[in-house]
>>> print(open('run.tsv').read())   # TSV, C-alpha atoms
chain	number	residue	atom	x	y	z
V	219	LEU	CA	48.37	82.80	112.88
V	220	GLY	CA	44.67	83.02	111.87
V	221	PHE	CA	43.40	80.13	109.73
V	222	THR	CA	40.02	80.88	108.09
V	223	VAL	CA	37.72	77.95	107.37
V	224	THR	CA	34.88	78.71	104.97
V	225	LEU	CA	31.83	77.05	103.41
V	226	ASP	CA	31.27	77.74	99.74
V	227	ALA	CA	27.53	78.17	100.39
V	228	PRO	CA	25.27	78.70	103.41
V	229	THR	CA	23.29	75.74	104.77
V	230	THR	CA	20.00	75.37	106.64
V	231	SER	CA	21.52	72.95	109.12
V	232	THR	CA	24.57	72.88	111.40
V	233	VAL	CA	27.93	71.89	109.85
V	234	THR	CA	30.88	70.64	111.96
V	235	VAL	CA	34.52	69.82	111.22
V	236	ALA	CA	37.50	68.79	113.39
V	237	TYR	CA	40.81	70.69	113.15
V	238	THR	CA	44.35	70.28	114.46
V	239	THR	CA	47.77	71.82	113.99
V	240	ALA	CA	50.76	69.69	113.06
V	241	THR	CA	54.53	69.91	112.73
V	242	GLY	CA	56.23	68.57	109.65
V	243	GLY	CA	57.20	71.88	108.13
V	244	THR	CA	60.26	73.77	109.35
V	245	ALA	CA	58.63	74.96	112.57
V	246	ALA	CA	59.29	72.94	115.68
V	247	ALA	CA	56.69	72.19	118.33
V	248	SER	CA	58.35	74.88	120.48
V	249	ASP	CA	57.65	77.57	117.86
V	250	PHE	CA	53.83	77.57	118.27
V	251	THR	CA	51.04	76.43	120.56
V	252	ALA	CA	49.49	73.20	119.36
V	253	THR	CA	45.79	73.71	118.78
V	254	ALA	CA	42.94	71.25	118.14
V	255	GLY	CA	39.14	71.25	118.36
V	256	THR	CA	35.86	71.22	116.44
V	257	LEU	CA	34.29	74.06	114.51
V	258	SER	CA	30.50	74.35	114.37
V	259	PHE	CA	28.83	76.41	111.62
V	260	ALA	CA	25.31	77.55	112.50
V	261	PRO	CA	22.71	77.62	109.70
V	262	ASN	CA	23.63	80.35	107.15
V	263	GLU	CA	27.11	80.83	108.77
V	264	THR	CA	29.93	80.40	106.22
V	265	SER	CA	33.22	81.48	107.88
V	266	LYS	CA	35.17	80.62	111.03
V	267	THR	CA	38.69	81.63	112.10
V	268	VAL	CA	41.03	79.55	114.27
V	269	ALA	CA	43.86	81.42	116.02
V	270	VAL	CA	47.16	79.54	116.51
V	271	PRO	CA	49.55	81.42	118.85
V	272	THR	CA	53.26	81.52	117.93
V	273	VAL	CA	56.20	81.78	120.33
V	274	GLU	CA	58.36	84.93	120.32
V	275	ASP	CA	62.08	84.16	120.55
V	276	SER	CA	65.33	86.06	119.97
V	277	ALA	CA	67.01	83.56	117.64
V	278	VAL	CA	67.91	84.74	114.18
V	279	GLU	CA	66.41	82.11	111.87
V	280	LEU	CA	64.63	81.60	108.58
V	281	ASN	CA	60.86	81.86	108.29
V	282	GLU	CA	59.23	78.63	109.48
V	283	THR	CA	56.11	76.66	108.51
V	284	LEU	CA	53.51	74.52	110.24
V	285	PHE	CA	50.34	72.73	109.05
V	286	PHE	CA	46.65	73.22	109.84
V	287	ASN	CA	44.50	70.17	108.99
V	288	LEU	CA	40.71	69.56	108.80
V	289	SER	CA	39.01	66.17	109.26
V	290	ASP	CA	35.71	64.43	109.99
V	291	PRO	CA	33.23	66.93	108.50
V	292	THR	CA	29.46	66.56	109.04
V	293	GLY	CA	27.00	68.30	106.74
V	294	ALA	CA	29.72	69.23	104.21
V	295	ALA	CA	32.51	67.73	102.14
V	296	LEU	CA	36.18	68.75	102.42
V	297	ALA	CA	37.37	70.60	99.32
V	298	ASP	CA	40.74	71.67	100.85
V	299	ALA	CA	41.65	69.88	104.05
V	300	ALA	CA	45.19	71.24	104.67
V	301	ALA	CA	46.73	74.69	104.95
V	302	THR	CA	50.26	75.93	105.61
V	303	GLY	CA	51.01	78.66	108.15
V	304	THR	CA	54.24	80.68	107.88
V	305	ILE	CA	55.90	82.19	110.96
V	306	ILE	CA	57.85	85.28	109.84
V	307	ASN	CA	61.18	85.78	111.62
V	308	ASP	CA	61.43	89.25	113.20
V	309	ASP	CA	64.90	88.97	114.73
V	310	SER	CA	68.10	90.43	113.27
V	311	ALA	CA	71.74	89.56	113.84
V	312	PRO	CA	73.66	92.03	116.01
V	313	ILE	CA	76.15	94.16	114.13
V	314	VAL	CA	79.63	92.84	114.94
V	315	VAL	CA	82.63	95.00	114.06
V	316	PRO	CA	85.59	92.65	113.49
V	317	GLY	CA	88.96	93.25	115.09
V	318	MET	CA	92.02	93.68	112.89
V	319	ARG	CA	95.62	92.78	113.67
V	320	VAL	CA	98.98	92.43	111.91
V	321	SER	CA	101.46	89.66	112.67
V	322	ASP	CA	105.12	89.78	113.71
V	323	VAL	CA	107.40	88.01	111.22
V	324	SER	CA	111.07	87.23	110.67
V	325	VAL	CA	113.28	86.30	107.73
V	326	THR	CA	116.95	85.88	106.86
V	327	GLU	CA	118.25	88.97	105.06
V	328	GLY	CA	117.59	88.78	101.34
V	329	GLY	CA	114.23	87.08	101.94
V	330	VAL	CA	110.69	88.48	102.10
V	331	LEU	CA	108.85	89.55	105.25
V	332	ASN	CA	105.25	88.37	104.81
V	333	PHE	CA	103.06	90.33	107.23
V	334	ALA	CA	99.60	88.78	107.67
V	335	VAL	CA	96.80	91.30	108.25
V	336	THR	CA	93.75	89.45	109.57
V	337	LEU	CA	90.16	90.04	110.72
V	338	SER	CA	88.64	88.31	113.73
V	339	ALA	CA	85.44	87.66	111.76
V	340	ALA	CA	84.22	87.92	108.19
V	341	SER	CA	82.16	90.92	107.15
V	342	THR	CA	79.34	91.27	104.63
V	343	ALA	CA	80.75	94.61	103.47
V	344	PRO	CA	84.22	95.68	102.25
V	345	ILE	CA	86.76	96.71	104.90
V	346	THR	CA	89.76	98.95	104.24
V	347	VAL	CA	92.90	99.97	106.14
V	348	ASN	CA	96.05	101.92	105.30
V	349	TYR	CA	99.52	100.44	105.85
V	350	SER	CA	103.10	101.72	105.78
V	351	THR	CA	106.55	100.50	106.76
V	352	ALA	CA	108.68	102.28	109.37
V	353	ASN	CA	112.36	102.08	110.28
V	354	GLY	CA	113.60	100.47	113.45
V	355	THR	CA	117.24	99.45	113.59
V	356	ALA	CA	116.79	98.43	109.95
V	357	ILE	CA	116.83	101.41	107.59
V	358	ALA	CA	115.16	101.63	104.18
V	359	PRO	CA	116.28	101.34	101.45
V	360	ALA	CA	119.60	99.87	102.60
V	361	ASP	CA	118.07	97.05	104.64
V	362	TYR	CA	114.56	96.67	103.18
V	363	THR	CA	112.23	98.14	100.57
V	364	ALA	CA	109.76	100.66	102.01
V	365	ALA	CA	106.09	100.03	101.18
V	366	SER	CA	102.75	101.76	101.76
V	367	GLY	CA	99.20	101.62	100.45
V	368	THR	CA	95.62	100.61	101.24
V	369	LEU	CA	94.32	97.09	101.82
V	370	THR	CA	90.73	96.21	100.88
V	371	PHE	CA	89.08	93.11	102.35
V	372	ALA	CA	86.31	91.83	100.11
V	373	PRO	CA	83.14	90.54	101.83
V	374	GLN	CA	83.91	87.26	103.67
V	375	GLN	CA	87.70	87.75	103.23
V	376	THR	CA	89.65	87.64	106.50
V	377	ARG	CA	93.36	87.60	105.54
V	378	ILE	CA	95.69	89.68	103.33
V	379	VAL	CA	99.51	89.36	103.18
V	380	VAL	CA	101.78	92.40	102.77
V	381	ALA	CA	105.19	91.40	101.36
V	382	VAL	CA	108.26	93.50	102.21
V	383	GLY	CA	111.54	92.63	100.52
V	384	THR	CA	114.85	92.76	102.42
V	385	THR	CA	118.43	93.35	101.22
V	386	ASP	CA	121.10	90.65	101.32
V	387	GLU	CA	124.15	92.59	102.49
V	388	THR	CA	127.72	91.37	102.84
V	389	ALA	CA	128.58	93.31	106.00
V	390	TYR	CA	128.36	91.54	109.33
V	391	GLU	CA	125.86	93.25	111.63
V	392	ASN	CA	123.38	92.52	114.37
V	393	ASN	CA	119.88	91.32	113.57
V	394	GLU	CA	117.71	94.32	112.72
V	395	THR	CA	114.04	95.27	113.02
V	396	MET	CA	111.51	97.32	111.06
V	397	PHE	CA	107.74	97.73	111.40
V	398	LEU	CA	104.50	97.53	109.41
V	399	ARG	CA	101.88	99.91	110.80
V	400	LEU	CA	98.11	100.02	110.16
V	401	THR	CA	96.07	103.25	110.28
V	402	GLY	CA	92.64	104.56	109.30
V	403	PRO	CA	90.53	101.38	109.35
V	404	SER	CA	87.02	101.48	107.89
V	405	GLY	CA	84.61	98.76	109.03
V	406	ALA	CA	86.94	97.22	111.61
V	407	THR	CA	88.65	98.04	114.89
V	408	LEU	CA	92.44	97.92	115.23
V	409	VAL	CA	93.43	95.38	117.88
V	410	ASP	CA	97.14	95.19	116.98
V	411	ALA	CA	98.19	97.99	114.64
V	412	GLU	CA	101.94	97.30	114.51
V	413	GLY	CA	103.80	94.24	113.27
V	414	GLN	CA	107.53	93.81	113.85
V	415	GLY	CA	109.73	92.47	111.08
V	416	LEU	CA	112.97	90.85	112.27
V	417	ILE	CA	115.75	90.67	109.66
V	418	ASN	CA	118.27	88.01	110.67
V	419	ASN	CA	121.90	88.60	109.68
V	420	ASN	CA	123.46	85.86	107.53
V	421	ASP	CA	127.01	87.22	107.34
V	422	VAL	CA	130.05	86.05	109.29
V	423	ALA	CA	132.00	88.42	111.52
V	424	GLY	CA	135.33	89.46	110.06
V	425	ARG	CA	138.65	88.58	111.69
V	426	THR	CA	141.94	90.42	112.06
V	427	ILE	CA	144.81	88.08	111.20
V	428	THR	CA	148.46	89.13	111.59
V	429	GLY	CA	151.47	87.08	110.62
V	430	THR	CA	154.93	86.93	112.22
V	431	SER	CA	158.26	88.07	110.77
V	432	GLY	CA	158.64	84.70	109.14
V	433	SER	CA	156.86	83.14	106.18
V	434	ASN	CA	153.23	82.58	107.17
V	435	LEU	CA	150.22	80.70	105.82
V	436	LEU	CA	147.30	82.97	106.77
V	437	THR	CA	143.65	82.06	106.14
V	438	GLY	CA	140.58	84.20	106.79
V	439	GLY	CA	137.04	83.10	107.60
V	440	GLY	CA	133.71	83.84	105.97
V	441	GLY	CA	133.55	87.49	106.98
V	442	ASP	CA	135.29	90.72	106.03
V	443	ASP	CA	138.79	89.92	107.23
V	444	VAL	CA	141.87	92.13	107.67
V	445	ILE	CA	145.01	90.11	106.93
V	446	THR	CA	148.54	91.42	107.50
V	447	GLY	CA	151.39	89.16	106.46
V	448	GLY	CA	154.27	91.18	107.81
V	449	ARG	CA	157.89	90.44	106.97
V	450	GLY	CA	158.60	87.21	105.17
V	451	ASN	CA	157.13	85.48	102.16
V	452	ASP	CA	153.50	84.92	103.13
V	453	THR	CA	150.67	82.98	101.49
V	454	MET	CA	147.27	84.50	102.26
V	455	THR	CA	143.70	83.32	101.64
V	456	GLY	CA	140.85	85.67	102.47
V	457	GLY	CA	137.88	83.34	102.08
V	458	ALA	CA	134.37	84.71	101.62
V	459	GLY	CA	133.65	88.34	102.36
V	460	ALA	CA	135.27	91.64	101.43
V	461	ASP	CA	138.82	91.22	102.68
V	462	ASP	CA	141.63	93.75	103.19
V	463	PHE	CA	145.20	92.58	102.61
V	464	ARG	CA	147.56	95.07	104.33
V	465	LEU	CA	151.00	95.60	102.78
V	466	THR	CA	153.93	97.88	103.60
V	467	ARG	CA	157.63	98.41	102.84
V	468	LEU	CA	159.98	95.42	103.26
V	469	ASP	CA	157.15	92.90	103.27
V	470	GLY	CA	159.03	90.98	100.60
V	471	PHE	CA	157.11	88.61	98.36
V	472	ASP	CA	153.57	87.62	99.26
V	473	ARG	CA	150.95	85.52	97.47
V	474	ILE	CA	147.17	85.93	97.66
V	475	ARG	CA	145.37	82.81	96.52
V	476	ASP	CA	141.80	84.15	96.16
V	477	PHE	CA	141.90	87.91	95.59
V	478	ALA	CA	138.48	89.09	94.29
V	479	PRO	CA	138.70	92.31	92.23
V	480	GLY	CA	135.90	94.71	93.04
V	481	LEU	CA	135.41	93.11	96.46
V	482	ASP	CA	138.78	92.67	98.16
V	483	ASP	CA	141.36	95.45	98.55
V	484	LEU	CA	145.14	95.74	98.70
V	485	VAL	CA	145.76	98.27	101.47
V	486	PHE	CA	149.18	99.92	101.09
V	487	SER	CA	150.56	101.64	104.18
V	488	GLY	CA	153.18	104.34	103.57
V	489	ILE	CA	153.40	103.50	99.90
V	490	ALA	CA	152.93	106.06	97.10
V	491	SER	CA	150.36	105.10	94.50
V	492	SER	CA	152.79	106.16	91.77
V	493	SER	CA	155.15	103.38	92.78
V	494	VAL	CA	152.62	100.59	92.14
V	495	GLN	CA	153.08	98.61	88.94
V	496	VAL	CA	151.11	95.60	87.73
V	497	ARG	CA	152.62	92.92	85.50
V	498	THR	CA	151.66	89.49	84.27
V	499	GLY	CA	153.41	86.88	86.37
V	500	SER	CA	153.30	83.23	87.35
V	501	TYR	CA	153.93	81.23	90.48
V	502	ALA	CA	154.08	77.44	90.74
V	503	GLY	CA	152.73	77.19	87.20
V	504	VAL	CA	149.74	79.46	87.84
V	505	THR	CA	149.49	82.80	86.06
V	506	GLY	CA	148.23	85.97	87.66
V	507	SER	CA	149.14	89.57	88.39
V	508	ASP	CA	152.43	90.51	90.01
V	509	VAL	CA	151.90	93.83	91.79
V	510	PHE	CA	155.16	95.65	92.59
V	511	TYR	CA	155.09	98.52	95.10
V	512	GLY	CA	157.47	100.87	96.87
V	513	THR	CA	161.19	101.18	96.24
V	514	SER	CA	162.48	98.02	97.93
V	515	GLY	CA	161.40	95.43	95.37
V	516	ASP	CA	158.39	94.28	97.38
V	517	HIS	CA	155.61	92.62	95.41
V	518	VAL	CA	152.45	90.58	95.89
V	519	PHE	CA	151.21	87.91	93.48
V	520	LEU	CA	147.45	87.76	92.84
V	521	GLN	CA	146.87	84.18	91.82
V	522	GLY	CA	144.49	83.73	88.88
V	523	VAL	CA	143.85	87.47	88.45
V	524	THR	CA	144.97	88.93	85.13
V	525	PRO	CA	146.28	92.53	85.02
V	526	ALA	CA	143.19	93.47	82.98
V	527	ARG	CA	140.97	92.57	85.94
V	528	PHE	CA	142.97	94.40	88.61
V	529	SER	CA	142.54	98.18	88.91
V	530	ILE	CA	144.76	100.35	91.08
V	531	ALA	CA	141.91	102.89	91.20
V	532	THR	CA	139.30	100.48	92.62
V	533	ASP	CA	141.22	97.55	94.11
V	534	ALA	CA	143.98	99.44	95.97
V	535	VAL	CA	143.76	101.70	98.99
V	536	PHE	CA	146.61	103.95	100.15
V	537	VAL	CA	146.85	104.95	103.82
>>> encode(input="run.tsv", output="structure tokens")
Amino acid sequence: LGFTVTLDAPTTSTVTVAYTTATGGTAAASDFTATAGTLSFAPNETSKTVAVPTVEDSAVELNETLFFNLSDPTGAALADAAATGTIINDDSAPIVVPGMRVSDVSVTEGGVLNFAVTLSAASTAPITVNYSTANGTAIAPADYTAASGTLTFAPQQTRIVVAVGTTDETAYENNETMFLRLTGPSGATLVDAEGQGLINNNDVAGRTITGTSGSNLLTGGGGDDVITGGRGNDTMTGGAGADDFRLTRLDGFDRIRDFAPGLDDLVFSGIASSSVQVRTGSYAGVTGSDVFYGTSGDHVFLQGVTPARFSIATDAVFV
């Protein structure tokens, strides 16, 4: 820094003035070399320059200021006794390319997989990346909704969530996986380009329940059960799930307490579809559908199900 001290007019005698640098601005004492002394103007001399060295460093910082002060003049009066020196920063921040990754997530089927795509550091410029889903053991669209597109991170933004919906099925199956993959980043480096989505099954495994030749009380679980009453007058309850109630010749009279049309099936073995007849019936004071089948007078009572709700075409299977 060069501070110029001037007289507004030449003199015929010597003029002196003391000078010193001072902190108090934004510059620290370590940013420049403290300087002090006395200037002497010879007759007819009107300008002097005082050099104040600054310290070169590598820190990225704002411009900084220090003060240069005059005092104790002889032969002249001080018109402006203080000046400010500005040290201009000449360092620049290194260019850092942020890393990008996508998280692994899990959800119970029917929920939403929220994949978090994140940057290791904020950027001053927009960053983009392409994304797409991919099948694993989970298959779109049966198990989840496929998705693809481009993500754009605004300056200073470091996190975007990609939501992938899953399907709530009724079939029991193992937990399944799918993937969200990142490609083609601009302004970032891919650190982890693949996130795994785990879809947890929420269905109950079905059971196979078989009665004896007597009159049985048979109850299924929460899955897709197969219930066979056999000979005798059986009372059957499927429970939750899509249940199959297996019937054949000489099964006698059976009762199903919770048949769900459109979900459960009557499975007739060795029975002609033309022999099936549906009538309104009642049992123990409860109305329902009495389904007669075969040629031996066998029938099954569907408790609480009117004939209008039961369809031989959709609720009966013949094997």
>>> residues_around(input="run.tsv", residues="segment 253-266 of chain V", least_positions_apart="3", cutoff="12 Å", atoms="all atoms listed in the file", output="CSV table (one decimal) with C-alpha atoms, in the coordinates of the input")
chain,number,residue,atom,x,y,z
V,219,LEU,CA,48.4,82.8,112.9
V,220,GLY,CA,44.7,83.0,111.9
V,221,PHE,CA,43.4,80.1,109.7
V,222,THR,CA,40.0,80.9,108.1
V,223,VAL,CA,37.7,78.0,107.4
V,224,THR,CA,34.9,78.7,105.0
V,225,LEU,CA,31.8,77.0,103.4
V,226,ASP,CA,31.3,77.7,99.7
V,227,ALA,CA,27.5,78.2,100.4
V,228,PRO,CA,25.3,78.7,103.4
V,229,THR,CA,23.3,75.7,104.8
V,230,THR,CA,20.0,75.4,106.6
V,231,SER,CA,21.5,73.0,109.1
V,232,THR,CA,24.6,72.9,111.4
V,233,VAL,CA,27.9,71.9,109.8
V,234,THR,CA,30.9,70.6,112.0
V,235,VAL,CA,34.5,69.8,111.2
V,236,ALA,CA,37.5,68.8,113.4
V,237,TYR,CA,40.8,70.7,113.2
V,238,THR,CA,44.4,70.3,114.5
V,239,THR,CA,47.8,71.8,114.0
V,240,ALA,CA,50.8,69.7,113.1
V,241,THR,CA,54.5,69.9,112.7
V,247,ALA,CA,56.7,72.2,118.3
V,250,PHE,CA,53.8,77.6,118.3
V,269,ALA,CA,43.9,81.4,116.0
V,270,VAL,CA,47.2,79.5,116.5
V,271,PRO,CA,49.6,81.4,118.8
V,272,THR,CA,53.3,81.5,117.9
V,284,LEU,CA,53.5,74.5,110.2
V,285,PHE,CA,50.3,72.7,109.0
V,286,PHE,CA,46.6,73.2,109.8
V,287,ASN,CA,44.5,70.2,109.0
V,288,LEU,CA,40.7,69.6,108.8
V,289,SER,CA,39.0,66.2,109.3
V,290,ASP,CA,35.7,64.4,110.0
V,291,PRO,CA,33.2,66.9,108.5
V,292,THR,CA,29.5,66.6,109.0
V,293,GLY,CA,27.0,68.3,106.7
V,294,ALA,CA,29.7,69.2,104.2
>>> residues_near_point(input="run.tsv", point="(116.6, 100.6, 114.1)", cutoff="7 Å", atoms="only C-alpha atoms", output="PDB file with C-alpha atoms, in the coordinates of the input")
ATOM      1  CA  ASN V 353     112.360 102.080 110.280  1.00  0.00           C
ATOM      2  CA  GLY V 354     113.600 100.470 113.450  1.00  0.00           C
ATOM      3  CA  THR V 355     117.240  99.450 113.590  1.00  0.00           C
ATOM      4  CA  ALA V 356     116.790  98.430 109.950  1.00  0.00           C
ATOM      5  CA  ILE V 357     116.830 101.410 107.590  1.00  0.00           C
ATOM      6  CA  GLU V 394     117.710  94.320 112.720  1.00  0.00           C
ATOM      7  CA  THR V 395     114.040  95.270 113.020  1.00  0.00           C
ATOM      8  CA  MET V 396     111.510  97.320 111.060  1.00  0.00           C
TER       9      MET V 396
END
>>> residues_around(input="run.tsv", residues="Pro344 of chain V", least_positions_apart="3", cutoff="10 Å", atoms="all atoms listed in the file", output="list in words")
Ala340, Ser341, Thr370, Phe371, Ala372, Pro373, Gln374, Gln375, Ser404, Gly405 and Ala406 of chain V
>>> atom_distance(input="run.tsv", atom1="atom CA of Ile305 of chain V", atom2="atom CA of Glu282 of chain V")
5.1 Å
>>> closest_residue(input="run.tsv", among="V:Glu387, V:Glu279, V:Asp461, V:Asp472", to="Ile417 of chain V", atoms="only C-alpha atoms")
V:Glu387
>>> residues_around(input="run.tsv", residues="Leu520 of chain V", least_positions_apart="5", cutoff="9 Å", atoms="only C-alpha atoms", output="mmCIF file with C-alpha atoms, in the frame of the given file")
data_model
loop_
_atom_site.group_PDB
_atom_site.id
_atom_site.type_symbol
_atom_site.label_atom_id
_atom_site.label_comp_id
_atom_site.auth_asym_id
_atom_site.auth_seq_id
_atom_site.Cartn_x
_atom_site.Cartn_y
_atom_site.Cartn_z
ATOM 1 C CA ASP V 472 153.570 87.620 99.260
ATOM 2 C CA ARG V 473 150.950 85.520 97.470
ATOM 3 C CA ILE V 474 147.170 85.930 97.660
ATOM 4 C CA ARG V 475 145.370 82.810 96.520
ATOM 5 C CA ASP V 476 141.800 84.150 96.160
ATOM 6 C CA PHE V 477 141.900 87.910 95.590
ATOM 7 C CA GLY V 499 153.410 86.880 86.370
ATOM 8 C CA THR V 505 149.490 82.800 86.060
ATOM 9 C CA GLY V 506 148.230 85.970 87.660
ATOM 10 C CA SER V 507 149.140 89.570 88.390
ATOM 11 C CA ASP V 508 152.430 90.510 90.010
ATOM 12 C CA VAL V 509 151.900 93.830 91.790
#
>>> atom_distance(input="run.tsv", atom1="atom CA of Val325 of chain V", atom2="atom CA of Ala365 of chain V")
16.8 Å
>>> atom_distance(input="run.tsv", atom1="atom CA of Ala343 of chain V", atom2="atom CA of Val380 of chain V")
21.2 Å
>>> closest_residue(input="run.tsv", among="V:Thr363, V:Arg425, V:Ser310, V:Val323", to="Ser276 of chain V", atoms="only C-alpha atoms")
V:Ser310
>>> closest_residue(input="run.tsv", among="V:Thr267, V:Thr466, V:Thr453, V:Asn307", to="Val485 of chain V", atoms="only C-alpha atoms")
V:Thr466
>>> residues_around(input="run.tsv", residues="Asp533 of chain V", least_positions_apart="5", cutoff="7 Å", atoms="all atoms listed in the file", output="PyMOL selection string")
chain V and resi 479-480+482-484+528
>>> closest_atom_pairs(input="run.tsv", of="segment 377-486 of chain V", to="segment 315-320 of chain V", cutoff="10 Å", atoms="all atoms listed in the file", output="CSV")
residue,atom,partner,partner_atom,distance
V:Arg377,CA,V:Met318,CA,9.6
V:Ile378,CA,V:Val320,CA,9.6
V:Val379,CA,V:Val320,CA,9.3
V:Val380,CA,V:Val320,CA,9.6
V:Leu398,CA,V:Val320,CA,7.9
V:Arg399,CA,V:Val320,CA,8.1
V:Leu400,CA,V:Val320,CA,7.8
V:Pro403,CA,V:Met318,CA,8.6
V:Ser404,CA,V:Val315,CA,10.0
V:Gly405,CA,V:Val315,CA,6.6
V:Ala406,CA,V:Pro316,CA,5.1
V:Thr407,CA,V:Gly317,CA,4.8
V:Leu408,CA,V:Met318,CA,4.9
V:Val409,CA,V:Arg319,CA,5.4
V:Asp410,CA,V:Arg319,CA,4.4
V:Ala411,CA,V:Arg319,CA,5.9
V:Glu412,CA,V:Val320,CA,6.3
V:Gly413,CA,V:Val320,CA,5.3
V:Gln414,CA,V:Val320,CA,8.9
>>> build_atoms(input="run.tsv", residues="segment 446-452 of chain V", atoms="all heavy atoms", output="tab-separated table (two decimals), keeping the file's coordinate frame")
chain	number	residue	atom	x	y	z
V	446	THR	N	147.23	90.77	107.61
V	446	THR	CA	148.54	91.42	107.50
V	446	THR	C	149.62	90.35	107.56
V	446	THR	O	149.75	89.66	108.59
V	446	THR	CB	148.75	92.45	108.63
V	446	THR	OG1	147.69	93.40	108.61
V	446	THR	CG2	150.09	93.16	108.47
V	447	GLY	N	150.37	90.21	106.49
V	447	GLY	CA	151.39	89.16	106.46
V	447	GLY	C	152.63	89.52	107.25
V	447	GLY	O	153.21	88.69	107.94
V	448	GLY	N	153.04	90.78	107.14
V	448	GLY	CA	154.27	91.18	107.81
V	448	GLY	C	155.50	90.76	107.00
V	448	GLY	O	155.42	90.41	105.82
V	449	ARG	N	156.64	90.80	107.65
V	449	ARG	CA	157.89	90.44	106.97
V	449	ARG	C	157.88	88.95	106.62
V	449	ARG	O	157.23	88.14	107.27
V	449	ARG	CB	159.08	90.76	107.87
V	449	ARG	CG	159.18	92.21	108.31
V	449	ARG	CD	159.43	93.15	107.14
V	449	ARG	NE	159.32	94.55	107.52
V	449	ARG	CZ	160.31	95.26	108.01
V	449	ARG	NH1	161.50	94.69	108.22
V	449	ARG	NH2	160.15	96.54	108.29
V	450	GLY	N	158.56	88.60	105.59
V	450	GLY	CA	158.60	87.21	105.17
V	450	GLY	C	157.76	87.00	103.92
V	450	GLY	O	157.03	87.88	103.48
V	451	ASN	N	157.88	85.82	103.36
V	451	ASN	CA	157.13	85.48	102.16
V	451	ASN	C	155.86	84.73	102.60
V	451	ASN	O	155.91	83.55	102.94
V	451	ASN	CB	157.98	84.62	101.23
V	451	ASN	CG	159.22	85.36	100.76
V	451	ASN	OD1	159.22	86.58	100.62
V	451	ASN	ND2	160.30	84.62	100.53
V	452	ASP	N	154.75	85.45	102.57
V	452	ASP	CA	153.50	84.92	103.13
V	452	ASP	C	152.53	84.48	102.04
V	452	ASP	O	152.47	85.07	100.96
V	452	ASP	CB	152.81	85.99	103.98
V	452	ASP	CG	153.75	86.54	105.06
V	452	ASP	OD1	154.28	85.73	105.84
V	452	ASP	OD2	153.93	87.78	105.10
